[in-house]
Amino acid sequence: MARHPSLRLRPRRSVLYLPASNARALAKAPTLPVDAVVLDLEDAVAPEHKAAARESACEAVRSVDFGHREVAVRVNAPGTPWHADDVAALAAVGPDAVVVPKVGSADDVRGVVASLEAAGAPDRTAVWAMVETPAGVLHAEAVATAHERLTALVVGTNDLAHELGARPAPGRASLLTAVSLVLLAARAAGVVALDGVFNDVHDLEGLAAEARQGRDLGFDGKTVIHPGQVEVVNAVFTPDEAELEDARGVSAAFAAARAEGRAVATYRGRLVEQLHADDAARTLALAEAVRPRS
Ligand SMILES: CC(C)(COP(=O)(O)OP(=O)(O)OC[C@H]1O[C@@H](n2cnc3c(N)ncnc32)[C@H](O)[C@@H]1OP(=O)(O)O)[C@@H](O)C(=O)NCCC(=O)NCCSC(=O)C[C@H](O)C(=O)O
Ligand SMILES: [Mg+2]
């Protein structure tokens with residue numbers, strides 16, 4: 001399958017949702033140190049404001065300068081009264097990505113892609129699937145490989161907790177199986193994996209702990225809901241000086257070994273093989289990519 005251009009290494013440490021109906025939030029978004037924004041037409045917008053929010057989102061995609069920030073728009077779910085109009089309107093303005101909530105199957109993805117293409121969406125517009133239902137989790141692999149426009153899986157932990165009847169708690173024990181299955185599916189397909197939101201906008205320690213958990217599992221970044229969460233999440237997903245020093249050491253040790261015709265080395269007593277050198281290269285590349293943003 002051809003790789004979509006948006007899959008090139010691009011930082012997606014923090015991905016901020018904002019209701020497209022909220023003019024103040026829309027004005028603030030391009031000033032925040034966030035890697036991507038998701039202008040929401042779904043759950044954060046009341047039914048009576050759906051049409052106006054759609055217009056605001058399209059106008060923002062058309063005319064607001066978001067700088068380095070990737071701009072995605074979350075449409076209402078397939079099967080809702082607003083879905084078809086959302087997709088058609090977005091096809092005309094071509095955001096970086098269309099985020100599809102409550103995806104349950106590969107057919108859901110292919111249906112959205114078909115509608116986007118029928119309405120003339122540019123090739124550059126990717127599709128991000130939200131996996132936030134039991135069916136979506138069980139079909140995550142098929143969802144992730146449904147179409148080359150599908151470039152990211154986004155975990156929706158609020159809907160997942162709701163659908164599972166799970167009680168949210170620190171450590172997310174009740175959600176970890178589902179969250180991990182989404183990550184596995186994304187990695188098997190070679191697409192981006194974004195972790196779910198942390199609802200308490202005042203609890204920055206809890207947010208940092210959950211962000212570290214997502215990072216350590218392997219997620220590329222975390223979705224957030226408030227400007228105050230952005231820097232916490234960016235810090236967690238940005239390699240710190242100790243990690244960079246380690247990555248440079250691993251790279252140098254492996255390069256030296258290869259120059260001597262060996263495929264293994266040690267660095268600070270640890271085994272270093274090609275995969276460790278690849279991990280180190282990715283860490284260094286991410287740090288380079290975010291340097292102009294910090
Ligand atoms: C959670 C909020 C409703 C809180 O809003 P508010 O009380 O207005 O916050 P503040 O007064 O602290 O705001 C300070 C200023 O920051 C701006 N602001 C607030 N939130 C955002 C934002 N998300 N993006 C940009 N700017 C924002 C305010 O306008 C204030 O600006 P100013 O007055 O000019 O200084 C609110 O944060 C919010 O609506 N958040 C997003 C909610 C959302 O999008 N929800 C949908 C996705 S969450 C989800 O459920 C994911 C998934 O589907 C799942 O199932 O898990
Ligand atoms: Mg949701």
# chains A, B, ... in the order shown; residues from 1 in each chain; ligands from 1
>>> residues_near_ligand(ligand="ligand 1", cutoff="8 Å", atoms="only C-alpha atoms and all ligand atoms", output="ChimeraX atom specification")
/A:16-19,22-29,32,38-40,42-44,101,130,132,155-160,196-197,199,201,223-228
>>> write_last_selection(atoms="C-alpha atoms", output="PDB file, in the first residue's frame")
ATOM      1  CA  LEU A  16      -5.780  19.731  21.103  1.00  0.00           C
ATOM      2  CA  TYR A  17      -9.528  19.342  20.695  1.00  0.00           C
ATOM      3  CA  LEU A  18     -11.635  22.473  20.653  1.00  0.00           C
ATOM      4  CA  PRO A  19     -15.304  22.971  19.899  1.00  0.00           C
ATOM      5  CA  ASN A  22     -16.255  28.309  20.382  1.00  0.00           C
ATOM      6  CA  ALA A  23     -14.894  31.482  18.770  1.00  0.00           C
ATOM      7  CA  ARG A  24     -12.527  32.292  21.666  1.00  0.00           C
ATOM      8  CA  ALA A  25     -10.981  28.829  21.573  1.00  0.00           C
ATOM      9  CA  LEU A  26     -10.635  29.050  17.787  1.00  0.00           C
ATOM     10  CA  ALA A  27      -8.835  32.383  18.127  1.00  0.00           C
ATOM     11  CA  LYS A  28      -6.531  30.998  20.816  1.00  0.00           C
ATOM     12  CA  ALA A  29      -5.545  27.741  19.088  1.00  0.00           C
ATOM     13  CA  LEU A  32      -0.678  27.660  21.569  1.00  0.00           C
ATOM     14  CA  VAL A  38      -8.817  19.037  16.135  1.00  0.00           C
ATOM     15  CA  LEU A  39     -11.702  21.409  15.469  1.00  0.00           C
ATOM     16  CA  ASP A  40     -14.628  19.441  16.841  1.00  0.00           C
ATOM     17  CA  GLU A  42     -19.085  16.167  17.268  1.00  0.00           C
ATOM     18  CA  ASP A  43     -19.634  15.804  21.006  1.00  0.00           C
ATOM     19  CA  ALA A  44     -18.414  19.268  22.014  1.00  0.00           C
ATOM     20  CA  PRO A 101     -15.450   9.276  15.594  1.00  0.00           C
ATOM     21  CA  MET A 130     -11.231   7.236  16.489  1.00  0.00           C
ATOM     22  CA  GLU A 132     -13.700   4.303  21.093  1.00  0.00           C
ATOM     23  CA  VAL A 155      -8.119   6.402  21.282  1.00  0.00           C
ATOM     24  CA  GLY A 156     -11.368   7.785  22.699  1.00  0.00           C
ATOM     25  CA  THR A 157     -11.169   6.895  26.362  1.00  0.00           C
ATOM     26  CA  ASN A 158     -14.333   8.737  27.412  1.00  0.00           C
ATOM     27  CA  ASP A 159     -16.518   6.795  25.026  1.00  0.00           C
ATOM     28  CA  LEU A 160     -14.639   3.580  25.757  1.00  0.00           C
ATOM     29  CA  GLY A 196      -6.944   9.550  24.796  1.00  0.00           C
ATOM     30  CA  VAL A 197      -7.753  12.669  26.820  1.00  0.00           C
ATOM     31  CA  ASN A 199     -10.584  15.015  31.759  1.00  0.00           C
ATOM     32  CA  VAL A 201      -8.009  20.114  33.546  1.00  0.00           C
ATOM     33  CA  THR A 223      -4.962  14.239  22.805  1.00  0.00           C
ATOM     34  CA  VAL A 224      -5.781  17.116  25.172  1.00  0.00           C
ATOM     35  CA  ILE A 225      -8.787  19.316  25.867  1.00  0.00           C
ATOM     36  CA  HIS A 226      -7.417  22.507  27.441  1.00  0.00           C
ATOM     37  CA  PRO A 227      -4.544  24.919  26.724  1.00  0.00           C
ATOM     38  CA  GLY A 228      -3.179  24.301  30.227  1.00  0.00           C
TER      39      GLY A 228
END
>>> residues_around(residues="stretch 253-258 of chain A", least_positions_apart="6", cutoff="7 Å", atoms="only C-alpha atoms", output="PyMOL selection string")
chain A and resi 264-267+272-273+277
>>> residues_around(residues="A:Val75", least_positions_apart="3", cutoff="7 Å", atoms="only C-alpha atoms", output="PyMOL selection string")
chain A and resi 40-42+83+86-87+98-100
>>> write_last_selection(atoms="C-alpha atoms", output="PDB file, in the first residue's frame")
ATOM      1  CA  ASP A  40     -14.628  19.441  16.841  1.00  0.00           C
ATOM      2  CA  LEU A  41     -18.041  19.218  15.222  1.00  0.00           C
ATOM      3  CA  GLU A  42     -19.085  16.167  17.268  1.00  0.00           C
ATOM      4  CA  HIS A  83     -22.207  13.346   8.889  1.00  0.00           C
ATOM      5  CA  ASP A  86     -19.722  17.615   7.406  1.00  0.00           C
ATOM      6  CA  VAL A  87     -17.717  15.385   5.064  1.00  0.00           C
ATOM      7  CA  VAL A  98     -10.691  14.457   8.865  1.00  0.00           C
ATOM      8  CA  VAL A  99     -11.198  12.743  12.221  1.00  0.00           C
ATOM      9  CA  VAL A 100     -13.975  10.151  12.196  1.00  0.00           C
TER      10      VAL A 100
END
>>> select_by_dssp(residues="stretch 107-293 of chain A", states="helix (DSSP H, G or I)", output="JSON, numbers by chain")
{"A": [107, 108, 109, 110, 111, 112, 113, 114, 115, 116, 117, 118, 134, 135, 136, 137, 138, 140, 141, 142, 143, 144, 157, 158, 159, 160, 161, 162, 163, 164, 176, 177, 178, 179, 180, 181, 182, 183, 184, 185, 186, 187, 188, 189, 204, 205, 206, 207, 208, 209, 210, 211, 212, 213, 214, 215, 216, 217, 227, 228, 229, 230, 231, 232, 233, 234, 235, 236, 237, 241, 242, 243, 244, 245, 246, 247, 248, 249, 250, 251, 252, 253, 254, 255, 256, 257, 258, 259, 274, 275, 276, 277, 278, 279, 280, 281, 282, 283, 284, 285, 286, 287, 288, 289, 290, 291, 292, 293]}
>>> atom_distance(atom1="atom CA of A:Ser56", atom2="atom CA of A:Ala77")
18.6 Å
>>> atom_distance(atom1="atom CA of A:Ala189", atom2="atom CA of A:Val137")
14.4 Å
>>> residues_around(residues="A:His139", least_positions_apart="4", cutoff="8 Å", atoms="only C-alpha atoms", output="PDB file with N, CA and C atoms, in the first residue's frame")
ATOM      1  N   GLY A 104     -16.302   1.738  13.660  1.00  0.00           N
ATOM      2  CA  GLY A 104     -16.509   0.365  14.139  1.00  0.00           C
ATOM      3  C   GLY A 104     -15.966  -0.687  13.205  1.00  0.00           C
ATOM      4  N   SER A 105     -15.643  -0.285  11.962  1.00  0.00           N
ATOM      5  CA  SER A 105     -15.240  -1.292  10.975  1.00  0.00           C
ATOM      6  C   SER A 105     -14.433  -0.628   9.862  1.00  0.00           C
ATOM      7  N   ALA A 106     -13.776  -1.477   9.065  1.00  0.00           N
ATOM      8  CA  ALA A 106     -13.051  -0.967   7.899  1.00  0.00           C
ATOM      9  C   ALA A 106     -14.019  -0.304   6.919  1.00  0.00           C
ATOM     10  N   ALA A 135     -16.653  -2.521  19.417  1.00  0.00           N
ATOM     11  CA  ALA A 135     -16.498  -3.043  18.045  1.00  0.00           C
ATOM     12  C   ALA A 135     -15.265  -2.443  17.379  1.00  0.00           C
ATOM     13  N   VAL A 143      -9.475  -1.657  10.666  1.00  0.00           N
ATOM     14  CA  VAL A 143      -9.664  -0.205  10.533  1.00  0.00           C
ATOM     15  C   VAL A 143      -8.348   0.459  10.108  1.00  0.00           C
TER      16      VAL A 143
END
>>> closest_residue(among="A:Ala178, A:Ala185, A:Val37, A:Val233", to="A:Glu163", atoms="only C-alpha atoms")
A:Ala178
